[in-house]
file run10.cif (mmCIF, C-alpha atoms and all ligand atoms)
data_my_file
loop_
_atom_site.label_atom_id
_atom_site.label_comp_id
_atom_site.auth_asym_id
_atom_site.auth_seq_id
_atom_site.Cartn_x
_atom_site.Cartn_y
_atom_site.Cartn_z
CA MET A 541 -42.86 34.62 -41.16
CA TYR A 542 -45.18 32.15 -42.75
CA ILE A 543 -47.06 32.92 -45.91
CA ILE A 544 -50.30 31.01 -46.10
CA ILE A 545 -51.47 30.33 -49.60
CA PHE A 546 -55.12 29.51 -50.02
CA LEU A 547 -55.81 27.40 -53.06
CA TYR A 548 -59.07 28.24 -54.74
CA TYR A 549 -60.85 25.27 -56.23
CA ALA A 550 -63.39 26.24 -58.86
CA MET A 551 -66.81 24.71 -58.43
CA ILE A 552 -66.73 23.06 -61.85
CA GLN A 553 -63.49 21.21 -62.46
CA PHE A 554 -62.16 21.25 -66.01
CA ASN A 555 -59.99 18.22 -66.83
CA ASN A 556 -58.12 17.97 -70.11
CA LEU A 557 -60.77 20.16 -71.73
CA ASN A 558 -61.69 19.50 -75.35
CA GLN A 559 -60.06 22.31 -77.37
CA GLU A 560 -62.92 22.81 -79.83
CA ILE A 561 -64.49 26.29 -79.96
CA PRO A 562 -67.74 25.74 -78.02
CA TYR A 563 -65.89 24.12 -75.10
CA LEU A 564 -63.37 26.97 -74.97
CA LEU A 565 -66.24 29.48 -75.12
CA PHE A 566 -68.04 27.69 -72.28
CA LYS A 567 -64.89 27.93 -70.13
CA LYS A 568 -64.36 31.60 -71.06
CA LYS A 569 -67.93 32.47 -70.02
CA TYR A 570 -67.55 30.40 -66.83
CA GLU A 571 -64.38 32.30 -65.90
CA GLU A 572 -66.07 35.65 -66.58
CA ALA A 573 -68.99 34.66 -64.32
CA LEU A 574 -66.59 33.42 -61.63
CA ASP A 575 -64.71 36.74 -61.77
CA ALA A 576 -68.06 38.51 -61.43
CA ASP A 577 -68.63 36.48 -58.23
CA GLN A 578 -71.50 34.40 -59.65
CA LYS A 579 -73.13 32.37 -56.88
CA GLY A 580 -74.38 28.86 -57.62
CA ILE A 581 -72.25 28.81 -60.75
CA GLU A 582 -72.27 24.98 -60.91
CA ALA A 583 -76.08 24.69 -61.02
CA ILE A 584 -77.29 23.44 -64.38
CA SER A 585 -80.84 22.61 -65.39
CA ILE A 586 -81.33 19.25 -67.07
CA SER A 587 -84.52 18.66 -69.04
CA SER A 588 -85.55 15.17 -69.94
CA PHE A 589 -88.35 13.42 -71.78
CA ASN A 590 -89.89 10.24 -70.42
CA LYS A 591 -91.35 8.30 -73.33
CA GLU A 592 -93.29 5.90 -71.08
CA VAL A 593 -95.46 8.69 -69.69
CA SER A 594 -95.00 11.20 -72.53
CA GLU A 595 -93.75 13.86 -70.14
CA VAL A 596 -91.04 16.51 -70.17
CA ASP A 597 -89.45 17.48 -66.82
CA SER A 598 -86.56 19.67 -65.59
CA ARG A 599 -84.43 19.90 -62.48
CA TYR A 600 -81.16 21.51 -61.41
CA VAL A 601 -78.10 19.42 -60.65
CA ASN A 602 -74.55 20.40 -59.71
CA LEU A 603 -72.16 20.11 -62.62
CA LYS A 604 -68.97 18.70 -61.07
CA PHE A 605 -66.61 18.11 -63.98
CA ILE A 606 -66.08 18.87 -67.61
CA SER A 607 -63.66 16.13 -68.62
CA ASN A 608 -62.59 16.45 -72.23
CA ASP A 609 -66.00 16.60 -73.97
CA GLU A 610 -68.08 15.12 -71.10
CA PHE A 611 -70.20 17.21 -68.71
CA ILE A 612 -70.51 15.16 -65.49
CA PHE A 613 -72.95 15.26 -62.57
CA PHE A 614 -74.04 12.69 -59.98
CA SER A 615 -77.43 11.37 -59.04
CA ASN A 616 -79.61 8.45 -58.05
CA TYR A 617 -79.99 5.76 -60.76
CA ASP A 618 -83.51 4.84 -59.49
CA SER A 619 -84.86 8.41 -59.56
CA PRO A 620 -87.48 9.79 -61.96
CA LYS A 621 -84.75 11.50 -64.00
CA ALA A 622 -82.97 8.13 -64.34
CA SER A 623 -86.18 6.53 -65.69
CA ALA A 624 -86.49 9.37 -68.19
CA PHE A 625 -82.85 9.00 -69.34
CA ASN A 626 -83.41 5.22 -69.71
CA SER A 627 -86.44 5.73 -71.90
CA HIS A 628 -85.00 8.62 -73.97
CA ASP A 629 -81.28 9.41 -73.83
CA GLN A 630 -81.48 12.89 -75.33
CA ILE A 631 -81.55 15.84 -72.91
CA ALA A 632 -81.37 19.65 -72.87
CA ALA A 633 -79.08 21.44 -70.41
CA LEU A 634 -79.27 25.09 -69.44
CA VAL A 635 -77.32 27.62 -67.43
CA TYR A 636 -77.99 31.29 -66.78
CA TRP A 637 -75.34 33.39 -65.07
CA PRO A 638 -76.99 36.73 -64.13
CA SER A 639 -73.67 38.28 -63.05
CA ILE A 640 -72.70 38.45 -66.75
CA ASN A 641 -76.21 38.20 -68.23
CA ALA A 642 -75.32 35.07 -70.20
CA GLN A 643 -77.32 31.98 -71.05
CA ILE A 644 -75.87 28.75 -72.45
CA ARG A 645 -78.19 26.14 -73.94
CA MET A 646 -77.04 22.65 -74.82
CA LYS A 647 -78.53 19.51 -76.36
CA ALA A 648 -76.86 16.18 -75.77
CA LYS A 649 -77.06 12.43 -75.39
CA ILE A 650 -76.66 11.25 -71.80
CA LYS A 651 -75.15 8.07 -70.36
CA ARG A 652 -74.04 6.61 -67.02
CA LYS A 653 -70.44 6.56 -65.84
CA THR A 654 -68.87 3.18 -65.08
CA ASP A 655 -69.00 1.49 -61.67
CA GLU A 656 -65.21 1.85 -61.41
CA TYR A 657 -65.49 5.64 -61.95
CA ASN A 658 -68.33 5.91 -59.41
CA GLN A 659 -66.46 3.91 -56.75
CA LYS A 660 -63.44 6.17 -57.02
CA TYR A 661 -65.49 9.37 -56.86
CA PHE A 662 -67.58 8.09 -53.94
CA PHE A 663 -64.49 6.96 -52.01
CA ASP A 664 -63.08 10.51 -52.13
CA ARG A 665 -66.27 12.21 -50.91
CA SER A 666 -67.23 13.05 -47.33
CA GLU A 667 -69.02 10.36 -45.30
CA GLU A 668 -71.89 12.82 -44.62
CA LYS A 669 -72.58 13.27 -48.34
CA ASN A 670 -72.33 9.54 -48.90
CA ALA A 671 -74.76 8.74 -46.08
CA LEU A 672 -77.28 11.01 -47.72
CA ALA A 673 -76.82 9.35 -51.12
CA ILE A 674 -77.17 5.88 -49.57
CA SER A 675 -80.12 6.62 -47.27
CA SER A 676 -82.38 8.47 -49.71
CA ASN A 677 -84.79 6.77 -52.11
CA GLN A 678 -84.66 9.91 -54.19
CA SER A 679 -88.06 11.44 -55.04
CA LYS A 680 -90.05 8.61 -53.38
CA PRO A 681 -92.67 9.90 -50.88
CA ILE A 682 -91.99 9.40 -47.15
CA ASN A 683 -94.13 9.98 -44.02
CA SER A 684 -92.17 12.87 -42.56
CA TYR A 685 -88.97 14.91 -42.70
CA SER A 686 -87.96 13.41 -39.33
CA GLN A 687 -88.01 9.98 -41.03
CA VAL A 688 -85.57 11.36 -43.62
CA LYS A 689 -83.24 12.42 -40.76
CA LYS A 690 -83.64 9.03 -39.03
CA ASN A 691 -82.70 7.16 -42.21
CA TYR A 692 -79.70 9.45 -42.69
CA ASN A 693 -78.44 9.00 -39.11
CA LYS A 694 -78.91 5.23 -39.33
CA SER A 695 -76.86 5.16 -42.51
CA LEU A 696 -74.12 7.32 -40.90
CA LYS A 697 -73.76 4.72 -38.11
CA LYS A 698 -74.29 1.46 -39.94
CA ASP A 699 -73.44 1.66 -43.64
CA ASP A 700 -70.13 1.25 -45.39
CA LEU A 701 -69.75 4.89 -46.36
CA LYS A 702 -66.84 4.29 -48.70
CA LYS A 703 -68.68 1.87 -51.00
CA CYS A 704 -70.79 3.44 -53.72
CA PRO A 705 -74.18 1.69 -53.95
CA GLU A 706 -75.28 0.37 -57.35
CA PHE A 707 -78.17 2.85 -57.41
CA TRP A 708 -75.98 5.96 -57.33
CA GLY A 709 -73.35 7.42 -59.65
CA GLY A 710 -72.34 9.75 -62.41
CA TYR A 711 -74.07 10.83 -65.58
CA SER A 712 -72.15 12.26 -68.48
CA PHE A 713 -73.43 14.15 -71.49
CA THR A 714 -71.57 15.31 -74.56
CA PRO A 715 -73.33 18.22 -76.27
CA TYR A 716 -73.97 18.17 -80.02
CA TYR A 717 -75.44 21.68 -79.87
CA PHE A 718 -74.45 24.81 -77.91
CA GLU A 719 -76.08 28.21 -77.96
CA PHE A 720 -74.46 31.20 -76.29
CA TRP A 721 -76.79 34.12 -75.53
CA GLU A 722 -75.48 37.46 -74.31
CA GLY A 723 -77.86 40.11 -73.11
CA HIS A 724 -77.24 43.68 -74.20
CA GLU A 725 -78.81 46.84 -72.83
CA SER A 726 -79.91 47.84 -76.32
CA ARG A 727 -81.98 44.60 -76.47
CA LEU A 728 -79.88 43.64 -79.49
CA ASN A 729 -78.97 40.45 -77.74
CA LYS A 730 -76.19 38.41 -79.28
CA ARG A 731 -76.82 34.75 -80.05
CA GLU A 732 -74.33 32.31 -81.48
CA ALA A 733 -74.90 28.61 -81.96
CA TYR A 734 -72.57 25.70 -82.69
CA GLU A 735 -73.99 22.55 -84.25
CA LYS A 736 -71.90 19.40 -84.44
CA SER A 737 -71.71 17.89 -87.91
CA VAL A 738 -69.58 14.71 -88.05
CA ASP A 739 -66.23 16.04 -86.81
CA SER A 740 -66.63 19.80 -87.14
CA TRP A 741 -68.86 22.49 -85.66
CA LYS A 742 -71.16 24.59 -87.83
CA HIS A 743 -71.25 28.17 -86.56
CA LEU A 744 -74.54 30.09 -86.74
CA ILE A 745 -75.50 33.63 -85.75
CA LEU A 746 -79.12 33.70 -84.62
CA GLN A 747 -81.50 36.62 -84.60
CA PRO A 748 -82.41 37.79 -81.11
C1 LIG A 801 -78.87 23.96 -57.15
C2 LIG A 801 -79.32 22.53 -57.05
C3 LIG A 801 -78.40 21.52 -57.27
C4 LIG A 801 -78.79 20.18 -57.21
N1 LIG A 801 -77.87 19.20 -57.47
C5 LIG A 801 -78.27 17.92 -57.55
C6 LIG A 801 -77.35 16.91 -57.96
O1 LIG A 801 -76.17 17.16 -58.27
N2 LIG A 801 -77.81 15.64 -58.05
C7 LIG A 801 -79.10 15.31 -57.74
O2 LIG A 801 -79.44 14.14 -57.83
N3 LIG A 801 -79.98 16.24 -57.36
C8 LIG A 801 -79.62 17.54 -57.27
N4 LIG A 801 -80.52 18.50 -56.91
C9 LIG A 801 -81.94 18.10 -56.62
C10 LIG A 801 -82.67 17.96 -57.97
O3 LIG A 801 -83.02 19.23 -58.48
C11 LIG A 801 -83.93 17.08 -57.86
O4 LIG A 801 -84.77 17.58 -56.84
C12 LIG A 801 -83.59 15.61 -57.55
O5 LIG A 801 -82.44 15.17 -58.24
C13 LIG A 801 -84.77 14.70 -57.95
O6 LIG A 801 -85.01 14.84 -59.32
P1 LIG A 801 -85.90 13.79 -60.15
O7 LIG A 801 -87.13 13.54 -59.30
O8 LIG A 801 -86.22 14.49 -61.43
O9 LIG A 801 -85.08 12.55 -60.37
C14 LIG A 801 -80.15 19.86 -56.92
C15 LIG A 801 -81.07 20.89 -56.68
C16 LIG A 801 -80.66 22.20 -56.74
C17 LIG A 801 -81.68 23.29 -56.51
#
call {"tool": "encode", "arguments": {"input": "run10.cif", "output": "structure tokens", "more": "lines below"}}
Ligand SMILES: Cc1cc2nc3c(=O)[nH]c(=O)nc-3n(C[C@H](O)[C@H](O)[C@H](O)COP(=O)(O)O)c2cc1C
result
Amino acid sequence: MYIIIFLYYAMIQFNNLNQEIPYLLFKKKYEEALDADQKGIEAISISSFNKEVSEVDSRYVNLKFISNDEFIFFSNYDSPKASAFNSHDQIAALVYWPSINAQIRMKAKIKRKTDEYNQKYFFDRSEEKNALAISSNQSKPINSYSQVKKNYNKSLKKDDLKKCPEFWGGYSFTPYYFEFWEGHESRLNKREAYEKSVDSWKHLILQP
């Protein structure tokens, strides 16, 4: 008799996680939400400020890795968010996991991953995902959705789908501020913040 073991890969991969308190707390909350069957657990909102146009903007991305103290996601380096990060490298990141009624707010500096890192990550991804990354001028207007599909299919047939283009890759941010918010039925919500000061974290309890 064969026993089939299904390996469950979490949606956010933790690699050699930093052992400081806010990182351990983030992982603890993540595991609680995962146990509570939280859908879309890897979605994280990233808010940016573009100095050139004096504008704040937000969008969700999929958080893929937390490697030591770096939170890593992937995107287009020619997109509006990329222009904002170029003009102002400080961002705010936000998750809310309704299954456990928890919010985590972070502030951080953001930077690109190296070309070597991007090539390796891209090489290991599916060709379908890579064709989409290659064929899309992210956030630029286009005549129709059918043109989007045409560009994608053309890329699937013609492009080298194992080579990461220069305009696509990882972003990593290392928070200098975390706030953990826990909702309570009594409305006496619990808020705890951690502020980085040189090489230690200052712990604060905040009023709800
Ligand atoms: C749940 C969710 C996850 C997303 N993940 C990503 C992602 O990992 N990378 C990305 O570039 N866009 C992702 N998007 C699309 C972005 O929200 C956004 O539309 C796109 O990146 C363009 O943003 P920009 O115009 O601010 O550059 C995601 C959207 C949703 C709703």
call {"tool": "residues_near_ligand", "arguments": {"input": "run10.cif", "ligand": "ligand LIG 801 (chain A)", "cutoff": "10 Å", "atoms": "all atoms listed in the file", "output": "PyMOL selection string"}}
result
chain A and resi 580-588+597-604+612-625+673+677-680+708-711
call {"tool": "atom_distance", "arguments": {"input": "run10.cif", "atom1": "CA of Leu746 in chain A", "atom2": "CA of Glu732 in chain A"}}
result
5.9 Å
call {"tool": "closest_residue", "arguments": {"input": "run10.cif", "among": "A:Ile650, A:Leu701, A:Leu565, A:Val738", "to": "Ser666 in chain A", "atoms": "all atoms listed in the file"}}
result
A:Leu701
call {"tool": "residues_around", "arguments": {"input": "run10.cif", "residues": "range 721-726 of chain A", "least_positions_apart": "2", "cutoff": "6 Å", "atoms": "all atoms listed in the file", "output": "ChimeraX atom specification"}}
result
/A:641-643,728-731
call {"tool": "closest_residue", "arguments": {"input": "run10.cif", "among": "A:Lys669, A:Asn590, A:Trp637, A:Glu706", "to": "Glu656 in chain A", "atoms": "all atoms listed in the file"}}
result
A:Glu706
call {"tool": "closest_residue", "arguments": {"input": "run10.cif", "among": "A:Tyr636, A:Phe707, A:Phe589, A:Phe611", "to": "Glu719 in chain A", "atoms": "all atoms listed in the file"}}
result
A:Tyr636
call {"tool": "residues_around", "arguments": {"input": "run10.cif", "residues": "range 682-691 of chain A", "least_positions_apart": "4", "cutoff": "9 Å", "atoms": "all atoms listed in the file", "output": "list in words"}}
result
Ala671, Leu672, Ser675, Ser676, Ser695 and Leu696 of chain A
call {"tool": "atom_distance", "arguments": {"input": "run10.cif", "atom1": "CA of Glu571 in chain A", "atom2": "CA of Lys736 in chain A"}}
result
23.8 Å
call {"tool": "atom_distance", "arguments": {"input": "run10.cif", "atom1": "CA of Phe566 in chain A", "atom2": "CA of Ile644 in chain A"}}
result
7.9 Å
call {"tool": "axis_aligned_box", "arguments": {"input": "run10.cif", "around": "range 683-687 of chain A", "padding_each_side": "5 Å", "output": "lines of an AutoDock Vina configuration file"}}
result
center_x = -91.0
center_y = 12.4
center_z = -41.7
size_x = 16.2
size_y = 14.9
size_z = 14.7
call {"tool": "residues_near_point", "arguments": {"input": "run10.cif", "point": "(-69.1, 10.7, -69.7)", "cutoff": "10 Å", "atoms": "all atoms listed in the file", "output": "PDB file with C-alpha atoms, in the frame of the given file"}}
result
ATOM      1  CA  PHE A 605     -66.610  18.110 -63.980  1.00  0.00           C
ATOM      2  CA  ILE A 606     -66.080  18.870 -67.610  1.00  0.00           C
ATOM      3  CA  SER A 607     -63.660  16.130 -68.620  1.00  0.00           C
ATOM      4  CA  ASN A 608     -62.590  16.450 -72.230  1.00  0.00           C
ATOM      5  CA  ASP A 609     -66.000  16.600 -73.970  1.00  0.00           C
ATOM      6  CA  GLU A 610     -68.080  15.120 -71.100  1.00  0.00           C
ATOM      7  CA  PHE A 611     -70.200  17.210 -68.710  1.00  0.00           C
ATOM      8  CA  ILE A 612     -70.510  15.160 -65.490  1.00  0.00           C
ATOM      9  CA  PHE A 613     -72.950  15.260 -62.570  1.00  0.00           C
ATOM     10  CA  LYS A 649     -77.060  12.430 -75.390  1.00  0.00           C
ATOM     11  CA  ILE A 650     -76.660  11.250 -71.800  1.00  0.00           C
ATOM     12  CA  LYS A 651     -75.150   8.070 -70.360  1.00  0.00           C
ATOM     13  CA  ARG A 652     -74.040   6.610 -67.020  1.00  0.00           C
ATOM     14  CA  LYS A 653     -70.440   6.560 -65.840  1.00  0.00           C
ATOM     15  CA  THR A 654     -68.870   3.180 -65.080  1.00  0.00           C
ATOM     16  CA  TYR A 657     -65.490   5.640 -61.950  1.00  0.00           C
ATOM     17  CA  GLY A 710     -72.340   9.750 -62.410  1.00  0.00           C
ATOM     18  CA  TYR A 711     -74.070  10.830 -65.580  1.00  0.00           C
ATOM     19  CA  SER A 712     -72.150  12.260 -68.480  1.00  0.00           C
ATOM     20  CA  PHE A 713     -73.430  14.150 -71.490  1.00  0.00           C
ATOM     21  CA  THR A 714     -71.570  15.310 -74.560  1.00  0.00           C
TER      22      THR A 714
END
call {"tool": "closest_residue", "arguments": {"input": "run10.cif", "among": "A:Tyr717, A:Asp699, A:Leu557, A:Asp739", "to": "Ile631 in chain A", "atoms": "all atoms listed in the file"}}
result
A:Tyr717
call {"tool": "closest_residue", "arguments": {"input": "run10.cif", "among": "A:Asp655, A:Glu735, A:Asp664, A:Asp577", "to": "Ile561 in chain A", "atoms": "all atoms listed in the file"}}
result
A:Glu735
call {"tool": "closest_residue", "arguments": {"input": "run10.cif", "among": "A:Ala733, A:Met551, A:Val593, A:Cys704", "to": "His628 in chain A", "atoms": "all atoms listed in the file"}}
result
A:Val593
call {"tool": "decode", "arguments": {"input": "run10.cif", "residues": "range 652-663 of chain A", "atoms": "all heavy atoms", "output": "CSV table (one decimal), in the first residue's frame"}}
result
chain,number,residue,atom,x,y,z
A,652,ARG,N,15.5,47.5,-5.1
A,652,ARG,CA,15.4,46.4,-6.1
A,652,ARG,C,16.3,45.2,-5.7
A,652,ARG,O,17.4,45.4,-5.1
A,652,ARG,CB,15.9,46.8,-7.5
A,652,ARG,CG,14.9,47.8,-8.1
A,652,ARG,CD,15.5,48.1,-9.5
A,652,ARG,NE,14.7,49.2,-10.1
A,652,ARG,CZ,14.8,49.6,-11.3
A,652,ARG,NH1,15.6,49.0,-12.2
A,652,ARG,NH2,14.0,50.5,-11.8
A,653,LYS,N,16.0,44.0,-6.1
A,653,LYS,CA,16.9,42.9,-6.0
A,653,LYS,C,17.8,42.9,-7.1
A,653,LYS,O,17.6,43.6,-8.1
A,653,LYS,CB,16.1,41.6,-6.0
A,653,LYS,CG,15.1,41.4,-4.8
A,653,LYS,CD,15.8,41.4,-3.4
A,653,LYS,CE,16.6,40.1,-3.2
A,653,LYS,NZ,17.3,40.2,-1.9
A,654,THR,N,18.9,42.1,-7.0
A,654,THR,CA,19.9,42.1,-8.1
A,654,THR,C,19.4,41.4,-9.3
A,654,THR,O,18.5,40.5,-9.3
A,654,THR,CB,21.2,41.4,-7.6
A,654,THR,OG1,20.9,40.1,-7.3
A,654,THR,CG2,21.8,42.1,-6.4
A,655,ASP,N,20.1,41.6,-10.5
A,655,ASP,CA,19.8,40.9,-11.7
A,655,ASP,C,20.0,39.4,-11.5
A,655,ASP,O,19.2,38.6,-12.0
A,655,ASP,CB,20.6,41.5,-12.9
A,655,ASP,CG,20.2,40.8,-14.2
A,655,ASP,OD1,19.0,40.8,-14.5
A,655,ASP,OD2,21.1,40.2,-14.9
A,656,GLU,N,21.1,39.0,-10.8
A,656,GLU,CA,21.4,37.6,-10.6
A,656,GLU,C,20.2,36.9,-9.9
A,656,GLU,O,19.7,35.9,-10.2
A,656,GLU,CB,22.6,37.5,-9.8
A,656,GLU,CG,23.2,36.1,-9.7
A,656,GLU,CD,24.4,36.1,-8.7
A,656,GLU,OE1,24.8,37.1,-8.1
A,656,GLU,OE2,24.8,34.9,-8.4
A,657,TYR,N,19.7,37.6,-8.8
A,657,TYR,CA,18.6,37.1,-8.0
A,657,TYR,C,17.3,36.9,-8.9
A,657,TYR,O,16.6,35.9,-8.9
A,657,TYR,CB,18.3,38.1,-6.9
A,657,TYR,CG,17.2,37.6,-5.9
A,657,TYR,CD1,17.5,36.9,-4.8
A,657,TYR,CD2,15.8,37.9,-6.2
A,657,TYR,CE1,16.4,36.5,-3.9
A,657,TYR,CE2,14.8,37.5,-5.4
A,657,TYR,CZ,15.1,36.8,-4.2
A,657,TYR,OH,14.1,36.4,-3.4
A,658,ASN,N,17.1,38.0,-9.7
A,658,ASN,CA,15.9,38.0,-10.6
A,658,ASN,C,15.9,36.9,-11.6
A,658,ASN,O,15.0,36.2,-11.9
A,658,ASN,CB,15.7,39.3,-11.3
A,658,ASN,CG,15.4,40.4,-10.3
A,658,ASN,OD1,15.0,40.2,-9.2
A,658,ASN,ND2,15.7,41.7,-10.7
A,659,GLN,N,17.1,36.7,-12.2
A,659,GLN,CA,17.3,35.6,-13.2
A,659,GLN,C,17.0,34.3,-12.6
A,659,GLN,O,16.3,33.4,-13.3
A,659,GLN,CB,18.7,35.6,-13.8
A,659,GLN,CG,19.1,36.8,-14.6
A,659,GLN,CD,18.2,37.0,-15.9
A,659,GLN,OE1,17.5,36.1,-16.4
A,659,GLN,NE2,18.2,38.3,-16.4
A,660,LYS,N,17.5,34.0,-11.4
A,660,LYS,CA,17.3,32.7,-10.8
A,660,LYS,C,15.8,32.5,-10.5
A,660,LYS,O,15.2,31.4,-10.8
A,660,LYS,CB,18.1,32.6,-9.5
A,660,LYS,CG,18.0,31.2,-9.0
A,660,LYS,CD,18.9,31.0,-7.8
A,660,LYS,CE,18.6,29.6,-7.2
A,660,LYS,NZ,17.3,29.0,-7.4
A,661,TYR,N,15.1,33.5,-10.0
A,661,TYR,CA,13.7,33.4,-9.6
A,661,TYR,C,12.9,33.2,-10.9
A,661,TYR,O,12.0,32.3,-11.0
A,661,TYR,CB,13.2,34.7,-8.9
A,661,TYR,CG,11.8,34.6,-8.5
A,661,TYR,CD1,11.3,33.8,-7.5
A,661,TYR,CD2,10.8,35.4,-9.2
A,661,TYR,CE1,10.0,33.7,-7.2
A,661,TYR,CE2,9.5,35.3,-8.9
A,661,TYR,CZ,9.1,34.5,-7.9
A,661,TYR,OH,7.7,34.4,-7.6
A,662,PHE,N,13.2,34.0,-11.9
A,662,PHE,CA,12.4,33.9,-13.2
A,662,PHE,C,12.6,32.5,-13.8
A,662,PHE,O,11.6,31.9,-14.3
A,662,PHE,CB,13.0,35.0,-14.1
A,662,PHE,CG,12.0,35.4,-15.2
A,662,PHE,CD1,11.0,36.3,-15.0
A,662,PHE,CD2,12.2,35.0,-16.5
A,662,PHE,CE1,10.1,36.7,-16.0
A,662,PHE,CE2,11.4,35.4,-17.6
A,662,PHE,CZ,10.3,36.3,-17.3
A,663,PHE,N,13.8,32.0,-13.8
A,663,PHE,CA,14.1,30.7,-14.4
A,663,PHE,C,13.2,29.6,-13.8
A,663,PHE,O,12.8,28.7,-14.5
A,663,PHE,CB,15.6,30.4,-14.2
A,663,PHE,CG,16.0,29.2,-15.0
A,663,PHE,CD1,16.4,29.3,-16.3
A,663,PHE,CD2,16.0,27.9,-14.4
A,663,PHE,CE1,16.8,28.2,-17.1
A,663,PHE,CE2,16.4,26.8,-15.2
A,663,PHE,CZ,16.8,26.9,-16.5
